[in-house]
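J.: First, the structure itself, so that you have it in front of you.
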Amino acid sequence: MNNKIYNLLIVFVFFTPIFAIGQTGTNKHNILFISIDDFRPKINSYGESQLITPNIDKLAAEGLQFNNAFTNIAVCGASRASIMTGIRPSQKRFNDYTTRSSKDTPDAVTLNQIFMENGYETISYGKIYHFPDDTAEFWTDSDGGAHQADYQDPLAQERKRNGEIGEHGRKGPAYEFPDVDDYAYNDGKVTKRALSKMKELKRENKPFFMAVGYVSPHLPFIQPKKYWDMYDHSSLPLANNAYQPENSPFIAMHSQHDNAELRGMYLDIPSQGLLSDEMSRNLVHGYYASVTYMDALIGDLIDGLDEMGLRDNTTIILWSDHGFFLGEHGFWCKHSTFYEAVKIPFIISSPGYVKGQATDSFTELVDVYPTLCELTGIKPPKYLHGESLVSVMEEPKLDLKKEIYTRYKQGEAVIDKDYSYTEFYEGKRYLGNMLYDLNKDKQQNVDISKFSENFEIVKKYSEKLKVMRNFVDQDPLQSLTK
């Protein structure tokens with residue numbers, strides 16, 4: 001990168017923060033950045049009681065919950081590159097799980113870089129980027145990333161060793177629940193590692209940007225038996241709409257989403273067709289148990305922060321890279337613009353701001369970068385695509401945004417309180433569209449885009465997508481490199 005441009009991007013303006021000086025003995029404000037993989041916001045604090053998540057519910061009661069939070073793309077590699085750069089995905093940038101921010105936007109200043117350049121210890125434990133070597137030079141400490149399938153059941157280990165070859169090596173079971181303690185799995189080890197590091201940083205009086213990434217509840221659904229036993233298997237609900245939405249285009253169901261992750265990586269899953277009710281229920285059970293296991297570890301993490309006296313000088317931000325299907329429309333995993341794939345849980349607990357409240361203001365993951373900069377008094381890069389949420393943290397009734405933009409592969413979508421509208425493009429070639437009325441059809445079971453009475457609505461939202469498409473197709477760094 002040109003030295004003048006680099007200097008422009010990392011010039012920072014410091015000011016005295018509004019936060020009280022905390023136990024770190026510094027006026028720099030800490031960030032605990034909690035990432036959760038494949039987590040849909042169907043928990044108590046979001047108004048549904050299927051999942052047991054007392055610690056995340058407690059965090060929501062201690063901060064601000066965003067009820068209308070969305071990923072900008074429903075696939076892990078691209079979503080994580082987007083949040084870490086503050087740049088929206090496009091057809092040519094941040095578009096699939098193989099995305100690396102250092103490849104797609106090599107001149108961007110990432111979150112870990114901007115905090116490092118501002119004198120923070122930058123810590124990466126667990127799954128933050130999809131590839132742990134992506135911008136690795138800007139972490140002061142890293143554990144090498146996630147271990148996604150660290151089976152603990154000897155039978156599961158044997159089945160994987162002898163399993164058939166899938167897209168990513170030998171397939172393993174899609175779920176297990178051995179009688180082991182919470183710290184047998186890598187997510188447990190990540191939690192212990194983070195707590196140990198916090199103690200070290202407090203002792204050394206160092207401010208931190210600590211990113212802790214939990215793989216659970218990503219497939220395979222693996223967790224100690226006690227979490228599996230918290231749920232009554234026979235009473236677990238199955239999706240009541242395991243079918244293609246009426247009138248929806250072929251590309252939305254097949255070219256865009258074919259359950260390849262589940263079918264290509266795990267044993268006992270048929271290569272095509274709907275899953276049996278029993279297999280579906282086993283997967284739902286495994287997902288629920290994994291969520292509750294992850295919730296317990298987050299409880300340990302936050303309790304440790306409290307016990308160390310660091311909470312009064314630390315903002316906790318909890319987010320997921322995207323949602324997850326549990327059989328809705330016949331889908332499993334994510335990889336779509338349907339609600340289940342793009343809606344996420346998002347909570348900020350920050351000293352000096354509202355507690356125990358929720359906001360309906362629409363929020364996207366690209367908003368995280370400018371928010372953290374404002375909270376810590378760091379001057380953000382000029383090219384960021386998001387908006388700081390601090391004004392909403394001060395006044396939750398404020399509607400900072402009334403709509404969000406998200407995508408997956410050929411699909412580009414705009415979502416607001418009334419409608420979800422998607423168009424599909426291959427380059428400039430139009431492939432189809434779909435429109436759902438979220439007030440009458442929250443499950444998105446009937447595509448109403450072809451009804452004549454909705455043509456003006458389609459035209460309105462299509463124009464919104466056109467404007468956003470023209471914007472995101474530009475190189476956000478181009479103006480800085482001229």
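Residues are referred to by chain and number: the chain letter is A, B, ... according to the order shown in the structure tokens, the number counts from 1 in that chain, and ligands are numbered separately from 1 in the order shown.
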Quick one: residues within 9 Å of A:Phe66, only C-alpha atoms, excluding same-chain residues fewer than 6 positions away - as a PyMOL selection string?
T.: chain A and resi 345-348+357-363+396
J.: Which residues come within 6 Å of A:Met434, counting only C-alpha atoms, excluding same-chain residues fewer than 4 positions away, as an mmCIF file with N, CA and C atoms, in the first residue's frame?
T.:
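File produced: around_24.cif:
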data_model
loop_
_atom_site.group_PDB
_atom_site.id
_atom_site.type_symbol
_atom_site.label_atom_id
_atom_site.label_comp_id
_atom_site.auth_asym_id
_atom_site.auth_seq_id
_atom_site.Cartn_x
_atom_site.Cartn_y
_atom_site.Cartn_z
ATOM 1 N N TYR A 421 -37.324 -8.666 0.039
ATOM 2 C CA TYR A 421 -37.312 -8.743 -1.414
ATOM 3 C C TYR A 421 -35.922 -9.149 -1.893
ATOM 4 N N THR A 422 -35.868 -10.168 -2.749
ATOM 5 C CA THR A 422 -34.599 -10.676 -3.281
ATOM 6 C C THR A 422 -34.629 -10.685 -4.798
ATOM 7 N N ASP A 447 -44.387 -16.580 -2.091
ATOM 8 C CA ASP A 447 -43.742 -15.507 -2.843
ATOM 9 C C ASP A 447 -44.824 -14.725 -3.582
ATOM 10 N N SER A 449 -44.312 -11.897 -5.395
ATOM 11 C CA SER A 449 -43.721 -10.955 -6.355
ATOM 12 C C SER A 449 -44.437 -10.940 -7.695
#
J.: Please provide as a PyMOL selection string all residues within 12 Å of A:Leu64, with the sequence filter that same-chain residues fewer than 4 positions apart are discarded (counting only C-alpha atoms).
T.: chain A and resi 45-46+56-60+69+315-318+345-361+389-397
J.: Measure the distance from atom CA of A:Tyr405 to atom CA of A:Gly145 in Å and round it to one decimal.
T.: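 So the answer is 28.8 Å.
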J.: Nearest residue to A:Leu297 out of A:Ser216, A:Gln157, A:Ser82, A:Asn313, using only C-alpha atoms?
T.: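 Nearest to A:Leu297: A:Ser216.
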J.: Tell me which protein, DNA and RNA residues are within 10 Å of A:Met230, counting only C-alpha atoms, leaving out same-chain ones fewer than 2 positions away, and put them as a PyMOL selection string.
T.: chain A and resi 51-52+225-228+232-233+285+288-289+292
J.: With only C-alpha atoms as the atoms that count, which of A:Leu438, A:Val467, A:Leu384, A:Val190 lies nearest to A:Arg88?
T.: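 Once distances to A:Arg88 are computed over only C-alpha atoms, the minimum belongs to A:Leu384.
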J.: Please identify which residues in stretch 73-297 of chain A DSSP calls alpha helix (DSSP H) from the backbone, and express them as a PyMOL selection string.
T.: chain A and resi 76-85+101-104+111-117+154-161+186-203+225-228+250-253+260-265+277-297
J.: From a backbone DSSP assignment, name each residue in stretch 289-383 of chain A labelled strand (DSSP E or B), as a VMD selection string.
T.: chain A and resid 314 to 320 325 to 326 332 to 333 343 to 344 346 to 349 357 to 364
J.: Nearest to A:Asp367 among A:Phe115, A:Gly77, A:Asn55, A:Phe70, with distances taken over only C-alpha atoms: which residue is it?
T.: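 Closest candidate: A:Phe70.
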J.: Tell me which protein, DNA and RNA residues are within 10 Å of stretch 335-340 of chain A, counting only C-alpha atoms, leaving out same-chain ones fewer than 3 positions away, and put them as a PyMOL selection string.
T.: chain A and resi 39-42+70-76+96-97+252-253+256-261+322-326+328-329+331-332+343-344+405-415+420-423+436+438+442-444
J.: Would you export the selected residues with C-alpha atoms as a PDB file, in the first residue's frame, please?
T.:
ATOM      1  CA  PHE A  39     -26.714 -19.004  15.818  1.00  0.00           C
ATOM      2  CA  ARG A  40     -30.356 -18.155  15.129  1.00  0.00           C
ATOM      3  CA  PRO A  41     -32.011 -15.694  17.559  1.00  0.00           C
ATOM      4  CA  LYS A  42     -34.820 -17.984  18.708  1.00  0.00           C
ATOM      5  CA  PHE A  70     -28.882  -9.131  10.222  1.00  0.00           C
ATOM      6  CA  THR A  71     -25.776 -10.545   8.645  1.00  0.00           C
ATOM      7  CA  ASN A  72     -24.651  -9.020   5.347  1.00  0.00           C
ATOM      8  CA  ILE A  73     -24.049 -12.472   3.864  1.00  0.00           C
ATOM      9  CA  ALA A  74     -25.107 -15.895   5.116  1.00  0.00           C
ATOM     10  CA  VAL A  75     -21.825 -17.789   4.881  1.00  0.00           C
ATOM     11  CA  CYS A  76     -19.060 -17.781   7.465  1.00  0.00           C
ATOM     12  CA  ASP A  96     -18.290 -17.511  -0.142  1.00  0.00           C
ATOM     13  CA  TYR A  97     -16.748 -19.468   2.719  1.00  0.00           C
ATOM     14  CA  ALA A 252     -33.803 -19.773  -4.593  1.00  0.00           C
ATOM     15  CA  MET A 253     -34.201 -23.422  -3.721  1.00  0.00           C
ATOM     16  CA  GLN A 256     -28.595 -21.257  -4.344  1.00  0.00           C
ATOM     17  CA  HIS A 257     -29.113 -23.833  -1.617  1.00  0.00           C
ATOM     18  CA  ASP A 258     -28.801 -27.609  -1.793  1.00  0.00           C
ATOM     19  CA  ASN A 259     -27.837 -28.532   1.797  1.00  0.00           C
ATOM     20  CA  ALA A 260     -24.373 -29.409   0.468  1.00  0.00           C
ATOM     21  CA  GLU A 261     -22.648 -28.707   3.784  1.00  0.00           C
ATOM     22  CA  HIS A 322     -25.434 -15.694  10.281  1.00  0.00           C
ATOM     23  CA  GLY A 323     -28.509 -17.683  11.229  1.00  0.00           C
ATOM     24  CA  PHE A 324     -29.365 -21.342  10.626  1.00  0.00           C
ATOM     25  CA  PHE A 325     -32.143 -23.450   9.123  1.00  0.00           C
ATOM     26  CA  LEU A 326     -33.570 -26.381  11.067  1.00  0.00           C
ATOM     27  CA  GLU A 328     -37.574 -24.779   7.227  1.00  0.00           C
ATOM     28  CA  HIS A 329     -38.251 -24.986   3.461  1.00  0.00           C
ATOM     29  CA  PHE A 331     -33.154 -26.486   4.323  1.00  0.00           C
ATOM     30  CA  TRP A 332     -30.415 -27.155   6.832  1.00  0.00           C
ATOM     31  CA  LYS A 343     -31.407 -12.817  11.006  1.00  0.00           C
ATOM     32  CA  ILE A 344     -28.973 -12.979  13.944  1.00  0.00           C
ATOM     33  CA  TYR A 405     -29.104  -5.281   2.703  1.00  0.00           C
ATOM     34  CA  THR A 406     -27.890  -8.849   2.610  1.00  0.00           C
ATOM     35  CA  ARG A 407     -26.968 -11.454   0.017  1.00  0.00           C
ATOM     36  CA  TYR A 408     -25.799 -14.948  -0.812  1.00  0.00           C
ATOM     37  CA  LYS A 409     -24.166 -15.954  -4.118  1.00  0.00           C
ATOM     38  CA  GLN A 410     -26.489 -14.663  -6.866  1.00  0.00           C
ATOM     39  CA  GLY A 411     -29.117 -13.405  -4.434  1.00  0.00           C
ATOM     40  CA  GLU A 412     -29.278  -9.769  -3.282  1.00  0.00           C
ATOM     41  CA  ALA A 413     -31.933  -8.789  -0.733  1.00  0.00           C
ATOM     42  CA  VAL A 414     -33.373  -5.758   1.005  1.00  0.00           C
ATOM     43  CA  ILE A 415     -35.364  -6.338   4.204  1.00  0.00           C
ATOM     44  CA  SER A 420     -38.182  -9.139   2.258  1.00  0.00           C
ATOM     45  CA  TYR A 421     -37.312  -8.743  -1.414  1.00  0.00           C
ATOM     46  CA  THR A 422     -34.599 -10.676  -3.281  1.00  0.00           C
ATOM     47  CA  GLU A 423     -33.297 -10.466  -6.830  1.00  0.00           C
ATOM     48  CA  TYR A 436     -42.502 -11.878   1.030  1.00  0.00           C
ATOM     49  CA  LEU A 438     -43.359 -10.163   6.677  1.00  0.00           C
ATOM     50  CA  LYS A 442     -43.250 -14.234   8.592  1.00  0.00           C
ATOM     51  CA  GLN A 443     -42.299 -17.787   7.606  1.00  0.00           C
ATOM     52  CA  GLN A 444     -41.955 -16.702   3.978  1.00  0.00           C
TER      53      GLN A 444
END
